[in-house]
Amino acid sequence: MNCFQTPARSLFSASSPSLSAAATQMFSTLDSAAEQMMVHRDFQAAFDTCHRGLESLAALDPEDSRCGELKAGFCILGIQALAELNQWRDVLCWVLQQYEQEQIPAKIMQMCILLYSKVGEPAGMQEAARVWLHCPLNIRAAGFGTVAELYLLHVLVALGQKEEARELITGEVGSSAFTEEQRQTALDVVEEKERQTQDPPLNPRMSGSSDITEHPVSSQGTLIHKLVAVLRFIYRKFQIAGSGSFSLRKIFLAVVLLYMLLFRMDPALPSSFMWISKFLQLLKQMWTAMFAPYYQSVTQSKGL
């Protein structure tokens with residue numbers, strides 16, 4: 001899926017002083033997971049390695065800052081592996097198995113919001129991100145402002161939650177995450193999005209992608225005019241040539257082939273009625289021009 005970029009080597013270095021043997025082994029495991037991910041593209045093996053690494057971390061001293069780095073590193077690689085395996089639905093549940101909801105690192109929260117937004121399911125992160133942002137302990141986190149911005153744009157605005165978006169901007173979260181200028185810009189974005197949803201389309205039957213829907217209509221009209229012009233040209237030729245110069249079977253076959261090649265229309269569609277009517281009128285005119293003299297002479301000979 002390539003939702004995120006992960007370095008080929010470990011996110012954290014094992015060169016810190018006074019590393020215990022267990023911590024050194026964990027950094028080596030993290031390096032192995034990164035290699036499986038980026039070099040061998042074996043995403044299942046990378047995820048399994050991350051999962052085993054997280055289980056092994058439980059035996060280390062949780063107060064050691066290196067444990068937090070390792071845990072975040074394993075989670076980041078595990079999220080990427082699940083995304084590549086198209087198992088994105090399991091990402092949030094798996095992350096919540098590793099962290100309490102309020103204690104998820106800001107970088108991991110950002111990745112989750114972007115992932116669920118990318119796959120078109122921003123609602124999957126709405127509750128978790130809301131709880132995380134309203135936790136007082138996270139306000140001073142380094143990535144708090146980025147999480148708030150991603151939550152606003154990729155979750156609330158994307159889901160049409162305008163009132164909650166305004167409350168986020170003007171409330172405590174917005175005051176902590178944004179400057180005054182950023183808050184005004186965010187409000188402008190929300191209002192512009194609201195205007196776009198309230199403005200009715202020019203044609204109620206048409207969706208918002210008017211350029212896409214109008215193009216087939218214009219192409220259809222061009223084909224109608226082209227086919228009508230060709231049939232009129234054939235009709236004029238028949239008028240000049242008379243009724244005895246052409247085979248009726250060949251004429252009918254030529255008309256049907258023109259219909260199939262130039263205008264592949266489903267006759268069951270209502271939009272086809274105008275074309276079918278014109279087509280029948282042209283056929284009647286062609287028939288009259290070709291055979292009316294013949295029937296008139298036959299009728300006159302019978303009358304005599």
# chains A, B, ... in the order shown; residues from 1 in each chain; ligands from 1
call {"tool": "select_by_dssp", "arguments": {"residues": "region 95-215 of chain A", "states": "alpha helix (DSSP H)", "output": "PyMOL selection string"}}
result
chain A and resi 95-98+106-118+126-133+144-151+157-159+162-170+172-177+180-198+210-215
call {"tool": "residues_around", "arguments": {"residues": "Glu149 (chain A)", "least_positions_apart": "2", "cutoff": "10 Å", "atoms": "only C-alpha atoms", "output": "ChimeraX atom specification"}}
result
/A:110,144-147,151-155,169,174,177-178,182,186
call {"tool": "write_last_selection", "arguments": {"atoms": "all heavy atoms", "output": "compact mmCIF listing (two decimals), in the first residue's frame"}}
result
# COMPACT_ATOMS: atom_id res chain seq x y z
N GLN A 110 -0.74 9.84 14.39
CA GLN A 110 -0.75 10.48 13.07
C GLN A 110 -0.80 9.43 11.96
O GLN A 110 -1.55 9.57 10.98
CB GLN A 110 0.52 11.34 12.91
CG GLN A 110 0.58 12.54 13.84
CD GLN A 110 1.97 13.13 13.91
OE1 GLN A 110 2.80 12.93 13.03
NE2 GLN A 110 2.26 13.87 14.97
N PHE A 144 1.39 17.08 19.10
CA PHE A 144 -0.02 17.32 19.42
C PHE A 144 -0.70 18.16 18.34
O PHE A 144 -1.82 17.86 17.90
CB PHE A 144 -0.12 18.01 20.78
CG PHE A 144 -1.55 18.29 21.20
CD1 PHE A 144 -2.31 17.30 21.79
CD2 PHE A 144 -2.11 19.55 21.03
CE1 PHE A 144 -3.62 17.53 22.20
CE2 PHE A 144 -3.41 19.80 21.42
CZ PHE A 144 -4.17 18.80 22.01
N GLY A 145 -0.04 19.23 17.90
CA GLY A 145 -0.64 20.10 16.88
C GLY A 145 -0.87 19.38 15.57
O GLY A 145 -1.90 19.59 14.91
N THR A 146 0.05 18.51 15.19
CA THR A 146 -0.11 17.77 13.94
C THR A 146 -1.28 16.79 14.04
O THR A 146 -2.05 16.64 13.08
CB THR A 146 1.18 17.01 13.60
OG1 THR A 146 2.27 17.94 13.54
CG2 THR A 146 1.06 16.30 12.26
N VAL A 147 -1.40 16.13 15.17
CA VAL A 147 -2.54 15.22 15.36
C VAL A 147 -3.86 15.99 15.28
O VAL A 147 -4.81 15.54 14.63
CB VAL A 147 -2.42 14.48 16.71
CG1 VAL A 147 -3.69 13.65 16.97
CG2 VAL A 147 -1.20 13.57 16.72
N TYR A 151 -6.66 15.32 12.47
CA TYR A 151 -8.00 14.94 12.94
C TYR A 151 -9.05 15.91 12.39
O TYR A 151 -10.14 15.49 11.96
CB TYR A 151 -8.01 14.93 14.46
CG TYR A 151 -9.37 14.69 15.08
CD1 TYR A 151 -10.02 13.47 14.92
CD2 TYR A 151 -10.00 15.67 15.83
CE1 TYR A 151 -11.26 13.24 15.49
CE2 TYR A 151 -11.24 15.45 16.41
CZ TYR A 151 -11.86 14.24 16.23
OH TYR A 151 -13.10 14.01 16.80
N LEU A 152 -8.73 17.19 12.38
CA LEU A 152 -9.68 18.19 11.87
C LEU A 152 -9.95 17.99 10.38
O LEU A 152 -11.11 17.93 9.95
CB LEU A 152 -9.12 19.58 12.14
CG LEU A 152 -9.91 20.76 11.54
CD1 LEU A 152 -11.28 20.87 12.19
CD2 LEU A 152 -9.13 22.06 11.70
N LEU A 153 -8.88 17.90 9.59
CA LEU A 153 -9.03 17.88 8.13
C LEU A 153 -9.45 16.52 7.60
O LEU A 153 -10.31 16.42 6.72
CB LEU A 153 -7.72 18.32 7.47
CG LEU A 153 -7.26 19.75 7.76
CD1 LEU A 153 -5.93 20.03 7.10
CD2 LEU A 153 -8.31 20.76 7.29
N HIS A 154 -8.82 15.46 8.11
CA HIS A 154 -9.02 14.13 7.53
C HIS A 154 -10.13 13.33 8.19
O HIS A 154 -10.51 12.27 7.67
CB HIS A 154 -7.71 13.33 7.60
CG HIS A 154 -6.64 13.89 6.73
ND1 HIS A 154 -6.57 13.67 5.37
CD2 HIS A 154 -5.58 14.70 7.03
CE1 HIS A 154 -5.52 14.29 4.86
NE2 HIS A 154 -4.91 14.94 5.85
N VAL A 155 -10.63 13.79 9.33
CA VAL A 155 -11.70 13.06 10.01
C VAL A 155 -12.96 13.92 10.09
O VAL A 155 -13.97 13.60 9.47
CB VAL A 155 -11.26 12.60 11.42
CG1 VAL A 155 -12.41 11.87 12.12
CG2 VAL A 155 -10.06 11.67 11.32
N ILE A 169 -11.77 23.79 17.04
CA ILE A 169 -10.93 24.93 16.71
C ILE A 169 -11.00 26.00 17.79
O ILE A 169 -9.97 26.57 18.20
CB ILE A 169 -11.34 25.52 15.34
CG1 ILE A 169 -11.11 24.48 14.23
CG2 ILE A 169 -10.58 26.79 15.04
CD1 ILE A 169 -11.76 24.84 12.91
N GLY A 174 -8.03 23.51 20.20
CA GLY A 174 -7.59 24.46 19.19
C GLY A 174 -6.67 25.52 19.75
O GLY A 174 -5.69 25.92 19.09
N ALA A 177 -3.30 23.81 20.18
CA ALA A 177 -2.66 23.25 18.98
C ALA A 177 -2.35 24.29 17.92
O ALA A 177 -1.38 24.14 17.17
CB ALA A 177 -3.56 22.17 18.38
N PHE A 178 -3.16 25.38 17.84
CA PHE A 178 -3.04 26.32 16.73
C PHE A 178 -2.79 27.73 17.23
O PHE A 178 -3.21 28.10 18.34
CB PHE A 178 -4.31 26.31 15.87
CG PHE A 178 -4.76 24.94 15.44
CD1 PHE A 178 -6.07 24.51 15.67
CD2 PHE A 178 -3.88 24.08 14.81
CE1 PHE A 178 -6.48 23.26 15.28
CE2 PHE A 178 -4.29 22.82 14.41
CZ PHE A 178 -5.59 22.39 14.65
N GLN A 182 -3.84 30.43 12.53
CA GLN A 182 -4.16 29.07 12.10
C GLN A 182 -5.61 28.72 12.42
O GLN A 182 -6.29 28.04 11.63
CB GLN A 182 -3.22 28.07 12.77
CG GLN A 182 -1.79 28.13 12.25
CD GLN A 182 -0.85 27.24 13.04
OE1 GLN A 182 -1.08 26.94 14.21
NE2 GLN A 182 0.24 26.81 12.39
N ALA A 186 -8.43 27.67 9.76
CA ALA A 186 -9.18 26.43 9.92
C ALA A 186 -10.68 26.68 9.86
O ALA A 186 -11.45 25.92 9.25
CB ALA A 186 -8.80 25.76 11.23
call {"tool": "residues_around", "arguments": {"residues": "region 66-82 of chain A", "least_positions_apart": "4", "cutoff": "6 Å", "atoms": "only C-alpha atoms", "output": "number ranges by chain"}}
result
A: 43, 47, 50, 87-88
call {"tool": "closest_residue", "arguments": {"among": "A:Lys107, A:Val157, A:Met38, A:Met125", "to": "Val91 (chain A)", "atoms": "only C-alpha atoms"}}
result
A:Met125
call {"tool": "atom_distance", "arguments": {"atom1": "CA of Ala165 (chain A)", "atom2": "CA of Pro122 (chain A)"}}
result
14.1 Å
call {"tool": "residues_around", "arguments": {"residues": "Val190 (chain A)", "least_positions_apart": "2", "cutoff": "8 Å", "atoms": "only C-alpha atoms", "output": "list in words"}}
result
Val157, Lys162, Ala165, Arg166, Ala186, Leu187, Asp188, Glu192, Lys193 and Glu194 of chain A
